[in-house]
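Here is start-v2.txt, consisting of compact mmCIF, C-alpha atoms and all ligand atoms:
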```txt
# COMPACT_ATOMS: atom_id res chain seq x y z
CA MET A 978 72.67 248.62 -206.55
CA THR A 979 70.46 246.41 -204.44
CA PRO A 980 71.07 245.90 -200.70
CA THR A 981 71.77 242.22 -201.32
CA TYR A 982 74.33 242.95 -204.01
CA GLN A 983 75.98 245.62 -201.87
CA GLN A 984 76.26 243.13 -199.03
CA LEU A 985 77.92 240.62 -201.34
CA ILE A 986 80.38 243.21 -202.63
CA ASN A 987 81.26 244.24 -199.09
CA ARG A 988 81.95 240.62 -198.19
CA ASN A 989 84.09 240.24 -201.29
CA ARG A 990 86.27 243.13 -200.20
CA ASP A 991 86.82 241.39 -196.88
CA HIS A 992 87.60 238.15 -198.71
CA ALA A 993 90.13 239.85 -200.99
CA ALA A 994 91.84 241.48 -198.03
CA ALA A 995 92.10 238.23 -196.08
CA ARG A 996 93.25 235.82 -198.81
CA PRO A 997 96.90 234.91 -199.35
CA ALA A 998 98.73 237.13 -201.81
CA PHE A 999 99.22 234.47 -204.47
CA ARG A 1000 97.14 232.79 -207.10
CA PRO A 1001 95.97 229.30 -206.03
CA ALA A 1002 96.93 226.35 -208.22
CA LEU A 1003 94.43 225.18 -210.81
CA GLN A 1004 94.28 221.73 -209.23
CA PRO A 1005 92.46 221.48 -205.90
CA THR A 1006 94.58 220.55 -202.90
CA LEU A 1007 92.36 217.53 -202.18
CA PRO A 1008 92.11 215.32 -205.28
CA THR A 1009 88.34 215.45 -205.04
CA VAL A 1010 85.40 216.31 -207.23
CA ILE A 1011 82.08 216.56 -205.42
CA VAL A 1012 78.82 216.33 -207.37
CA CYS A 1013 75.93 217.59 -205.27
CA CYS A 1014 72.61 219.40 -205.21
CA ALA A 1015 72.38 223.13 -205.75
CA ASP A 1016 70.33 223.40 -202.54
CA HIS A 1017 71.87 226.01 -200.23
CA ARG A 1018 71.21 223.73 -197.25
CA ALA A 1019 73.57 221.07 -198.61
CA ASP A 1020 76.63 223.09 -199.54
CA PRO A 1021 79.75 220.88 -199.36
CA ALA A 1022 81.76 223.89 -198.26
CA HIS A 1023 79.75 223.72 -195.04
CA VAL A 1024 79.02 219.99 -194.85
CA PHE A 1025 82.70 219.06 -195.12
CA GLN A 1026 84.08 222.30 -193.72
CA LEU A 1027 86.08 222.72 -196.90
CA LYS A 1028 88.89 225.20 -196.87
CA PRO A 1029 89.55 227.41 -199.89
CA ASN A 1030 90.92 225.59 -202.95
CA GLU A 1031 90.40 222.10 -201.55
CA ALA A 1032 87.81 220.58 -203.87
CA VAL A 1033 86.07 220.99 -207.20
CA VAL A 1034 82.30 221.10 -206.80
CA LEU A 1035 79.70 220.54 -209.50
CA ARG A 1036 76.12 221.29 -208.53
CA ASN A 1037 72.77 220.77 -210.22
CA PRO A 1038 69.23 220.16 -208.99
CA GLY A 1039 69.47 216.96 -206.97
CA GLY A 1040 73.16 216.37 -207.57
CA ARG A 1041 72.06 213.88 -210.23
CA ILE A 1042 74.22 212.23 -212.86
CA THR A 1043 72.65 213.56 -216.04
CA PRO A 1044 73.93 213.78 -219.62
CA ALA A 1045 74.79 217.44 -218.99
CA LEU A 1046 76.67 216.57 -215.81
CA LEU A 1047 78.67 213.89 -217.65
CA GLN A 1048 79.61 216.44 -220.29
CA GLU A 1049 80.75 218.84 -217.59
CA LEU A 1050 82.85 216.10 -215.98
CA ALA A 1051 84.51 215.41 -219.32
CA VAL A 1052 85.41 219.06 -219.78
CA LEU A 1053 86.60 219.27 -216.20
CA ALA A 1054 88.84 216.25 -216.66
CA THR A 1055 90.36 217.92 -219.68
CA ILE A 1056 91.05 221.35 -218.23
CA VAL A 1057 91.59 220.77 -214.53
CA ALA A 1058 92.07 217.26 -213.31
CA VAL A 1059 93.84 215.62 -216.21
CA GLU A 1060 97.03 215.22 -214.20
CA HIS A 1061 95.14 213.64 -211.33
CA LEU A 1062 92.81 211.29 -213.16
CA ASP A 1063 95.48 208.61 -213.23
CA SER A 1064 95.76 208.36 -209.48
CA ASN A 1065 93.54 208.67 -206.49
CA VAL A 1066 91.01 211.18 -207.69
CA GLU A 1067 87.79 210.77 -205.76
CA LEU A 1068 84.48 211.54 -207.37
CA LEU A 1069 81.88 211.81 -204.62
CA VAL A 1070 78.19 212.07 -205.41
CA MET A 1071 76.22 213.59 -202.55
CA HIS A 1072 72.43 213.74 -202.38
CA HIS A 1073 70.46 214.96 -199.37
CA THR A 1074 67.21 214.49 -197.48
CA ASP A 1075 64.22 216.74 -198.22
CA CYS A 1076 65.64 217.46 -201.66
CA GLY A 1077 63.43 219.60 -203.88
CA MET A 1078 63.78 216.91 -206.54
CA THR A 1079 61.65 214.68 -204.33
CA HIS A 1080 58.78 217.11 -204.86
CA LEU A 1081 58.73 216.43 -208.59
CA SER A 1082 56.43 213.86 -210.13
CA PRO A 1083 57.48 211.64 -213.05
CA GLN A 1084 53.95 212.11 -214.39
CA ARG A 1085 53.22 215.77 -213.66
CA ASP A 1086 56.75 217.01 -214.36
CA ALA A 1087 57.56 214.65 -217.23
CA ALA A 1088 58.72 217.39 -219.58
CA VAL A 1089 61.31 218.95 -217.29
CA LEU A 1090 62.56 215.56 -216.10
CA THR A 1091 62.90 214.31 -219.67
CA ALA A 1092 64.94 217.39 -220.52
CA MET A 1093 67.16 216.90 -217.48
CA PHE A 1094 67.79 213.16 -217.73
CA GLY A 1095 67.57 212.75 -221.49
CA THR A 1096 65.16 209.89 -221.09
CA THR A 1097 61.52 209.22 -220.36
CA PRO A 1098 60.90 209.71 -216.64
CA SER A 1099 60.18 206.57 -214.68
CA ASP A 1100 60.39 205.23 -211.19
CA ALA A 1101 63.98 204.31 -212.02
CA LEU A 1102 64.87 207.93 -211.39
CA HIS A 1103 64.32 207.28 -207.66
CA LEU A 1104 63.11 210.81 -207.13
CA ALA A 1105 61.59 210.11 -203.73
CA ASP A 1106 64.53 208.37 -202.04
CA PRO A 1107 67.97 210.01 -201.99
CA PHE A 1108 69.60 206.77 -200.81
CA GLN A 1109 68.29 204.85 -203.82
CA ALA A 1110 68.97 207.77 -206.14
CA VAL A 1111 72.62 208.16 -205.15
CA ALA A 1112 73.16 204.40 -205.43
CA ALA A 1113 71.66 204.46 -208.91
CA ASP A 1114 73.78 207.43 -209.93
CA VAL A 1115 76.98 205.79 -208.69
CA GLU A 1116 76.05 202.64 -210.60
CA SER A 1117 75.58 204.68 -213.76
CA LEU A 1118 79.08 206.08 -213.31
CA ARG A 1119 80.54 202.63 -212.70
CA THR A 1120 79.13 201.41 -215.99
CA ASN A 1121 80.37 204.44 -217.89
CA PRO A 1122 83.17 203.22 -220.23
CA PHE A 1123 84.65 206.68 -220.59
CA LEU A 1124 85.72 207.04 -216.97
CA PRO A 1125 89.28 205.95 -216.08
CA PRO A 1126 89.49 202.69 -214.05
CA THR A 1127 91.62 204.36 -211.39
CA LEU A 1128 88.90 206.89 -210.60
CA ILE A 1129 87.52 206.41 -207.09
CA ILE A 1130 83.74 206.80 -206.88
CA GLY A 1131 81.54 207.02 -203.81
CA GLY A 1132 77.95 207.92 -202.95
CA LEU A 1133 76.72 209.84 -199.90
CA VAL A 1134 73.51 211.22 -198.45
CA TYR A 1135 73.54 214.33 -196.28
CA ASP A 1136 70.86 214.48 -193.58
CA LEU A 1137 69.56 218.03 -193.25
CA ASP A 1138 68.17 217.31 -189.78
CA THR A 1139 71.28 215.89 -188.14
CA GLY A 1140 74.06 217.45 -190.23
CA LEU A 1141 75.53 213.99 -190.72
CA VAL A 1142 76.66 212.41 -193.96
CA TYR A 1143 75.85 208.73 -194.52
CA THR A 1144 77.96 206.52 -196.76
CA VAL A 1145 75.71 204.75 -199.24
CA VAL A 1146 78.43 203.52 -201.59
CA ALA A 1147 81.88 203.40 -200.01
CA PRO A 1148 84.50 205.08 -202.23
CA ALA A 1149 86.35 202.51 -204.33
CA PRO A 1150 88.28 202.54 -207.61
CA LEU A 1151 86.26 201.65 -210.67
CA SER A 1152 88.81 198.92 -211.37
CA ALA A 1153 87.98 197.26 -208.05
CA VAL A 1154 84.31 196.84 -208.95
CA SER A 1155 83.35 193.72 -210.84
ZN ZN B 1 68.40 218.99 -203.34
```
Would you put the structure from the file into structure tokens?
Amino acid sequence: MTPTYQQLINRNRDHAAARPAFRPALQPTLPTVIVCCADHRADPAHVFQLKPNEAVVLRNPGGRITPALLQELAVLATIVAVEHLDSNVELLVMHHTDCGMTHLSPQRDAAVLTAMFGTTPSDALHLADPFQAVAADVESLRTNPFLPPTLIIGGLVYDLDTGLVYTVVAPAPLSAVS
């Protein structure tokens, strides 16, 4: 057993001892799904001071809306949030400054980006600017015919230097967007 793994197991024992003695409900207590980057510096549990069982979080490199992410959302809607998708579920997409995705080049890293986005990389991916990228990702969700019109969608950027979240696209129901 490695020291790191032992440390994690020790923390788990503390967690198990401190948690309430009942199984949490499958649905999160806040009707919220957060899509965000896998970067440890932009963990929504910390950024939003989430309490246990409050939100569903999907993470990938960049927090980007990719074909794989859309498939995961569809499965999630089926197994977890199906009861909530008719009312007031918020889907928040959060990108962040200094994201590792900004270090990728559409030319140099074309193969990996094509695999991730399912399309030929271009400047439309907005790799360098998280504000433009999150706006583009929210727009792609708004034009997705498979999402329910009552779903509330918003886009945010988390600033690693200040700890503040900036609203790029204010959360609004799909049905309210023309
Ligand atoms: Zn990132």
List all protein, DNA and RNA residues that have at least one atom no more than 12 Å from any atom of ligand ZN 1 (chain B), counting only C-alpha atoms and all ligand atoms, and write them as a PDB file with C-alpha atoms, in the frame of the given file.
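The resulting part21.pdb:
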```
ATOM      1  CA  VAL A1012      78.820 216.330-207.370  1.00  0.00           C
ATOM      2  CA  CYS A1013      75.930 217.590-205.270  1.00  0.00           C
ATOM      3  CA  CYS A1014      72.610 219.400-205.210  1.00  0.00           C
ATOM      4  CA  ALA A1015      72.380 223.130-205.750  1.00  0.00           C
ATOM      5  CA  ASP A1016      70.330 223.400-202.540  1.00  0.00           C
ATOM      6  CA  HIS A1017      71.870 226.010-200.230  1.00  0.00           C
ATOM      7  CA  ARG A1018      71.210 223.730-197.250  1.00  0.00           C
ATOM      8  CA  ALA A1019      73.570 221.070-198.610  1.00  0.00           C
ATOM      9  CA  ASP A1020      76.630 223.090-199.540  1.00  0.00           C
ATOM     10  CA  ARG A1036      76.120 221.290-208.530  1.00  0.00           C
ATOM     11  CA  ASN A1037      72.770 220.770-210.220  1.00  0.00           C
ATOM     12  CA  PRO A1038      69.230 220.160-208.990  1.00  0.00           C
ATOM     13  CA  GLY A1039      69.470 216.960-206.970  1.00  0.00           C
ATOM     14  CA  GLY A1040      73.160 216.370-207.570  1.00  0.00           C
ATOM     15  CA  ARG A1041      72.060 213.880-210.230  1.00  0.00           C
ATOM     16  CA  MET A1071      76.220 213.590-202.550  1.00  0.00           C
ATOM     17  CA  HIS A1072      72.430 213.740-202.380  1.00  0.00           C
ATOM     18  CA  HIS A1073      70.460 214.960-199.370  1.00  0.00           C
ATOM     19  CA  THR A1074      67.210 214.490-197.480  1.00  0.00           C
ATOM     20  CA  ASP A1075      64.220 216.740-198.220  1.00  0.00           C
ATOM     21  CA  CYS A1076      65.640 217.460-201.660  1.00  0.00           C
ATOM     22  CA  GLY A1077      63.430 219.600-203.880  1.00  0.00           C
ATOM     23  CA  MET A1078      63.780 216.910-206.540  1.00  0.00           C
ATOM     24  CA  THR A1079      61.650 214.680-204.330  1.00  0.00           C
ATOM     25  CA  HIS A1080      58.780 217.110-204.860  1.00  0.00           C
ATOM     26  CA  LEU A1081      58.730 216.430-208.590  1.00  0.00           C
ATOM     27  CA  LEU A1104      63.110 210.810-207.130  1.00  0.00           C
ATOM     28  CA  ALA A1105      61.590 210.110-203.730  1.00  0.00           C
ATOM     29  CA  ASP A1106      64.530 208.370-202.040  1.00  0.00           C
ATOM     30  CA  PRO A1107      67.970 210.010-201.990  1.00  0.00           C
ATOM     31  CA  ALA A1110      68.970 207.770-206.140  1.00  0.00           C
ATOM     32  CA  VAL A1111      72.620 208.160-205.150  1.00  0.00           C
ATOM     33  CA  VAL A1134      73.510 211.220-198.450  1.00  0.00           C
ATOM     34  CA  TYR A1135      73.540 214.330-196.280  1.00  0.00           C
ATOM     35  CA  ASP A1136      70.860 214.480-193.580  1.00  0.00           C
ATOM     36  CA  LEU A1137      69.560 218.030-193.250  1.00  0.00           C
TER      37      LEU A1137
END
```
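Minimum distance to A:Ile1129 across A:Ser1117, A:Ser1152, A:Thr979, A:Gln984 (counting all atoms listed in the file) occurs at A:Ser1152.
One finds atom CA of A:Thr1127 at 5.4 Å from atom CA of A:Pro1150.
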For a test of reading the model, state the distance in Å between atom CA of A:Val1146 and atom CA of A:Gly1131, rounded to one decimal.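 Computed distance, atom CA of A:Val1146 to atom CA of A:Gly1131, equals 5.2 Å.
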Enumerate, in order of chain and increasing residue number, the residues of stretch 1019-1093 of chain A with an atom no farther than 12 Å from stretch 995-1001 of chain A, each with its shortest atom pair and distance in Å to one decimal, counting all atoms listed in the file, as a tab-separated table.
```
residue	atom	partner	partner_atom	distance
A:Lys1028	CA	A:Arg996	CA	11.6
A:Pro1029	CA	A:Pro1001	CA	9.1
A:Asn1030	CA	A:Pro1001	CA	7.0
A:Glu1031	CA	A:Pro1001	CA	10.1
```
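Among the candidate residues A:Val1070, A:Leu1046, A:Leu1007, A:Leu1035, the one lying nearest to A:Phe1108 is A:Val1070, with distances computed using all atoms listed in the file.
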### Query
Which protein, DNA or RNA residues are at most 10 Å from (84.2, 206.7, -203.7) in the file's coordinates when you count all atoms listed in the file, listed as a list of chain:residue names?
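Selection result: A:Thr1009, A:Asn1065, A:Val1066, A:Glu1067, A:Leu1068, A:Leu1069, A:Val1070, A:Val1115, A:Leu1128, A:Ile1129, A:Ile1130, A:Gly1131, A:Gly1132, A:Leu1133, A:Thr1144, A:Val1145, A:Val1146, A:Ala1147, A:Pro1148, A:Ala1149, A:Pro1150, A:Leu1151.
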Separating atom CA of A:Ile1011 from atom CA of A:Ala1087, to the nearest tenth of an Å, is a gap of 27.3 Å
